[in-house]
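The structure under discussion appears below in the form of structure tokens.
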Amino acid sequence: MTIATLQAPAPRTPLQEFWYYFKGNKGAVSGLVFIIVICLMALFADVVAPHSPSDQARDALLLPPAWMEGGNWAYVLGTDDVGRDILSRIIHGARLSLSVGLVAVTASLFMGILLGLVAGYCKGVVDTIIMRIVDIMLAMPSLLLAIAIVAVLGPSIVNAALAISIVSLPHYVRLTRAATMAEMSRDYVTSSRVIGASPLRLMFICILPNCVAPLIVQATLGFSSAILDMAALGFLGLGAQPPTPEWGSMLADALQFVQRAWWVVTFPGLMILLTVLAFNLMGDGLRDALDPKLKQ
Amino acid sequence: MFQFIFRRLSLVIPTFIGITLLTFTLIRLIPGDPIEVMAGERGVSAERHAELSAQLGFDQPLYVQYFHYVTGVLQGDLGNSLVTKEPVLSEFLTLFPATIELAFCAAIFAIFVGLPAGMIAAVKRGTLFDHSVMTFSLTGYSMPIFWWALLLMLIFSVTLGWTPVSGRIDVVYWIDDVTGFMLVDSILSGEDGAFSSAVAHLILPSIVLGTIPMAVIARMTRSSMLEVLSEDYIRTARAKGIAPWRVIIIHALRNALIPVITVIGLQVGILLSGAILTETVFAWPGIGKWLIESISRRDYPVVQGGILIVATIIIVVNLMVDITYGIVNPRIRHSR
């Protein structure tokens, strides 16, 4: 007689559980793959790009993409009006867009968490003042507010990144505040307080780790709007200035060649669309995988 | 009900004060002395500087300046443009109809495409149609609309030659400015072909500006419809033997529309900021293009006034949406 030993499967760690739900979402996984590829591309732009983004090939102005008549495989996606390789400019543009996104998201996440925690923890007058300011910022469309800020500070990449991080602040403040308020009434917070934890410890060590899930989702979606706003500002001439290879300002330069050279217009914009789409897909997937209500 | 409206109104006043503070500070944050900025490269003498300072009130304490600014704003005085010397408000009013016309057509496009698409996607959940609507709406939501504008222009105006490239009407027509709305004015002018030319000029900009709102409306309609369709009363209606289309249109849609209406109201902000990009690409003479041009001309009173008016419009529309929502849905009205 043999005794069948039944073994319960080991419980998944939170990370495994997250990955189990995340990988079920095909859109989210393809978004993630695209983002990884583009990050590598940005990181190794100097190696990957066939030409320097500022090299002007005087004998190859407005060259069409390689597969078209008159194209040249040295310039796969063609060249612009001063003979710069479009593919190389797009690759170097990825570096700029992603780093601006990273700076803007990090800055607004940091400030937003701080303000949101303080508002949710202190309540009363402090909460009212912070939330009033947030409401005022939310009353303005983000692009308009960003334009206003850049109009004052002057057009440059740094100012555009600053404007974008200010503009996206309200979302993080609201999310953190709401999550903090929900956590504040939990028993574990009360017991920590009774033991004598200081307000700072309560805020950052007890409460904050439990508010992280919605913030991760918002940060991912924040990346997509940062890239979109950055490109819009660049297009309007309020972001990166001309020689810089930035996707939005590449399109602004291309405006006058719509009739003659479709490739100058098409590829930078396609890159913006795909990157923003990838971040949105991943954000949706993260939300589904991190939201316990949807899992059941 | 009045209490509800009053409560909402009382929340708007601090927001408005905040926005005036913002636009007031904005112009004072510009590096350098405002009078020297106004004088440009010529510069001004010390006496003239003092004189202008006193004339414009820059020699007074900040809170007095702010008080004067707000009293002026409330009386409709937003200052004069540095370039044209015209009052900012009157410049705004001449250009605003063009933006309204564009935003209105974009909203019509967004609603008439987004609403049915979202509704059908919900009813046919899990089918190919549903998946394509969701894919298209996510793409639309991620769209850099200035590129979308260029792409459509490239396909429909340059390659196919179906629509004009830019502007509001063909240059061969001289339309008197009666209402400021080209669609109305072109009919009033009685010229042959003027109206169809105005319509042709509106098609691409409206599609471009309406793309993001359309995506948002389609997604919202779908999820709200899915929620309503799983309610007990829908099952009851079906069990009673009511025709399927009637259950969907009469029973489900009416309740599903409540959150959608709010979302439509909130698109006004997106439409007005999207207008800045759309107008720039299509050379559409509205307030978006006006604002961007004044930034590059350093015409600060126009930037200040324009931002103040646009933000005020958005606050007012959001307020109206909130109140309508309270009327449609009593649960909101009586909460708190």
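Numbering starts fresh at 1 for the residues of each chain in the structure tokens, the chains themselves are lettered A, B, ... in the order given, and ligands are numbered from 1 as they appear.
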Give the alpha helix (DSSP H) residues of range 150-192 of chain B, as DSSP finds them on the backbone, and put them as a PyMOL selection string. chain B and resi 150-152+182-189
I'd like the neighbourhood of Leu226 in chain B as a list in words, where a residue qualifies if any of its atoms comes within 9 Å (using only C-alpha atoms), though same-chain residues fewer than 5 positions away should be ignored. Met119, Ala122, Val123, Arg125, Thr221 and Ala256 of chain B
Report as a Markdown table: every residue of chain B with an atom at most 6 Å from chain A, its closest pair of atoms, and their distance in Å to one decimal, counting only C-alpha atoms, with rows sorted by chain and ascending residue number.
```
| residue | atom | partner | partner_atom | distance |
| --- | --- | --- | --- | --- |
| B:Thr15 | CA | A:Ile136 | CA | 5.3 |
| B:Ile30 | CA | A:Val152 | CA | 5.2 |
| B:Ser142 | CA | A:Leu277 | CA | 5.4 |
| B:Met143 | CA | A:Leu273 | CA | 5.6 |
| B:Trp147 | CA | A:Gly269 | CA | 5.5 |
| B:Gly269 | CA | A:Pro141 | CA | 5.4 |
| B:Ser273 | CA | A:Leu144 | CA | 5.9 |
| B:Ala311 | CA | A:Met140 | CA | 5.5 |
```
Interatomic distance (Å, one decimal) between CA of His51 in chain A and CA of Asp85 in chain A: 6.6 Å
Which residues are near range 165-178 of chain B? Cut-off 9 Å, only C-alpha atoms, ignore same chain within fewer than 3 positions. Put them as a short mmCIF file (atom, residue, chain, number, x, y, z; two decimals) with C-alpha atoms, in the first residue's frame.
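Written out: part-v6.cif:
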```
data_model
loop_
_atom_site.label_atom_id
_atom_site.label_comp_id
_atom_site.auth_asym_id
_atom_site.auth_seq_id
_atom_site.Cartn_x
_atom_site.Cartn_y
_atom_site.Cartn_z
CA ALA B 98 -13.53 80.63 -34.56
CA MET B 153 -3.25 66.70 -43.99
CA LEU B 154 -0.63 64.64 -45.84
CA PHE B 156 -6.36 63.92 -47.51
CA SER B 157 -5.13 67.36 -48.52
CA VAL B 158 -1.78 66.75 -50.21
CA GLY B 161 -6.66 66.65 -52.63
CA PHE B 181 -19.06 81.86 -37.04
CA MET B 182 -17.94 81.05 -40.58
CA VAL B 184 -23.36 81.08 -40.37
CA ASP B 185 -21.63 84.01 -42.06
CA SER B 186 -21.04 82.07 -45.27
CA LEU B 188 -25.64 84.95 -44.78
CA SER B 189 -23.24 86.16 -47.48
CA GLU B 191 -22.25 83.57 -52.21
CA GLY B 193 -20.08 77.62 -52.70
CA ALA B 194 -19.02 79.69 -49.70
CA PHE B 195 -20.81 77.42 -47.22
CA SER B 197 -15.95 75.72 -48.68
CA ALA B 198 -16.32 76.59 -44.98
CA VAL B 199 -17.49 73.04 -44.23
CA ALA B 200 -14.58 71.53 -46.17
CA HIS B 201 -12.14 73.64 -44.15
CA LEU B 202 -13.70 72.44 -40.90
CA LEU B 204 -9.96 67.81 -40.81
CA PRO B 205 -9.46 70.19 -37.84
CA VAL B 281 -1.14 73.27 -37.57
CA PHE B 282 -4.17 74.34 -39.60
CA ALA B 283 -3.49 78.10 -39.38
CA TRP B 284 -6.93 78.46 -37.82
CA PRO B 285 -7.36 82.05 -36.60
#
```
Those of range 7-255 of chain A in DSSP strand (DSSP E or B), formatted as a list in words: Asn72, Tyr75, Thr79 and Asp85 of chain A
For range 72-75 of chain A, list every protein, DNA or RNA residue within 9 Å, evaluated using only C-alpha atoms, and leave out those in the same chain fewer than 2 positions away; present the list as a count of residues only. 18
Hey, what's within 10 Å of Ile258 in chain B if we count only C-alpha atoms and toss same-chain stuff fewer than 5 positions away? As a list in words, please?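 Within the cut-off, the hits are Thr221, Ser224, Leu253, Val263, Thr324, Tyr325, Val328 and Asn329 of chain B.
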Please dump the current selection as a PDB file, in the first residue's frame; keep N, CA, C and O atoms.
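The file below, result.pdb, is the result:
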```
ATOM      1  N   THR B 221     -18.365  55.176 -22.288  1.00  0.00           N
ATOM      2  CA  THR B 221     -19.678  54.632 -22.625  1.00  0.00           C
ATOM      3  C   THR B 221     -19.657  53.116 -22.494  1.00  0.00           C
ATOM      4  O   THR B 221     -20.576  52.517 -21.941  1.00  0.00           O
ATOM      5  N   SER B 224     -19.466  52.043 -18.732  1.00  0.00           N
ATOM      6  CA  SER B 224     -20.691  52.377 -18.013  1.00  0.00           C
ATOM      7  C   SER B 224     -21.867  51.520 -18.497  1.00  0.00           C
ATOM      8  O   SER B 224     -22.696  51.067 -17.721  1.00  0.00           O
ATOM      9  N   LEU B 253     -29.386  52.552 -21.884  1.00  0.00           N
ATOM     10  CA  LEU B 253     -28.618  53.728 -22.290  1.00  0.00           C
ATOM     11  C   LEU B 253     -28.871  54.931 -21.386  1.00  0.00           C
ATOM     12  O   LEU B 253     -27.953  55.659 -21.032  1.00  0.00           O
ATOM     13  N   VAL B 263     -18.297  63.106 -18.289  1.00  0.00           N
ATOM     14  CA  VAL B 263     -17.052  63.005 -19.048  1.00  0.00           C
ATOM     15  C   VAL B 263     -17.070  63.950 -20.241  1.00  0.00           C
ATOM     16  O   VAL B 263     -16.073  64.615 -20.539  1.00  0.00           O
ATOM     17  N   THR B 324     -25.553  70.087 -13.356  1.00  0.00           N
ATOM     18  CA  THR B 324     -26.408  69.207 -14.170  1.00  0.00           C
ATOM     19  C   THR B 324     -26.396  67.789 -13.607  1.00  0.00           C
ATOM     20  O   THR B 324     -27.430  67.129 -13.524  1.00  0.00           O
ATOM     21  N   TYR B 325     -25.214  67.360 -13.204  1.00  0.00           N
ATOM     22  CA  TYR B 325     -25.079  66.019 -12.657  1.00  0.00           C
ATOM     23  C   TYR B 325     -25.929  65.886 -11.402  1.00  0.00           C
ATOM     24  O   TYR B 325     -26.601  64.878 -11.196  1.00  0.00           O
ATOM     25  N   VAL B 328     -29.513  65.521 -12.500  1.00  0.00           N
ATOM     26  CA  VAL B 328     -29.810  64.212 -13.095  1.00  0.00           C
ATOM     27  C   VAL B 328     -29.759  63.118 -12.037  1.00  0.00           C
ATOM     28  O   VAL B 328     -30.543  62.183 -12.052  1.00  0.00           O
ATOM     29  N   ASN B 329     -28.800  63.230 -11.123  1.00  0.00           N
ATOM     30  CA  ASN B 329     -28.579  62.147 -10.164  1.00  0.00           C
ATOM     31  C   ASN B 329     -28.730  62.654  -8.726  1.00  0.00           C
ATOM     32  O   ASN B 329     -27.812  63.228  -8.163  1.00  0.00           O
TER      33      ASN B 329
END
```
Tell me, as a PyMOL selection string, which residues lie within 8 Å of Leu114 in chain A, counting only C-alpha atoms; anything in the same chain fewer than 4 positions away does not count. chain A and resi 110+118+173
Just N, CA, C and O atoms for this one: save the residues we selected as a PDB file, in the first residue's frame.
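Ended up saving to part-v9.pdb:
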```pdb
ATOM      1  N   PHE A 110       7.820  62.648  -6.182  1.00  0.00           N
ATOM      2  CA  PHE A 110       8.421  62.984  -4.899  1.00  0.00           C
ATOM      3  C   PHE A 110       7.623  64.086  -4.197  1.00  0.00           C
ATOM      4  O   PHE A 110       7.183  63.926  -3.058  1.00  0.00           O
ATOM      5  N   VAL A 118       1.293  64.682   3.815  1.00  0.00           N
ATOM      6  CA  VAL A 118       1.076  65.733   4.800  1.00  0.00           C
ATOM      7  C   VAL A 118      -0.406  66.103   4.855  1.00  0.00           C
ATOM      8  O   VAL A 118      -0.999  66.191   5.932  1.00  0.00           O
ATOM      9  N   VAL A 173      -0.729  64.100  -5.654  1.00  0.00           N
ATOM     10  CA  VAL A 173      -1.175  64.607  -4.357  1.00  0.00           C
ATOM     11  C   VAL A 173      -2.522  63.984  -3.995  1.00  0.00           C
ATOM     12  O   VAL A 173      -2.718  63.467  -2.897  1.00  0.00           O
TER      13      VAL A 173
END
```
Nearby residues (only C-alpha atoms) at most 8 Å from Ala179 in chain A, same-chain spacing under 4 positions excluded, as a PyMOL selection string: chain A and resi 175+183+211
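Note that CA of Arg222 in chain B and CA of Ile120 in chain B are 7.9 Å apart.
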For CA of Pro87 in chain B and CA of Asn318 in chain B, determine how far apart the two atoms are, in Å to one decimal place.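 Distance between the two atoms: 27.4 Å.
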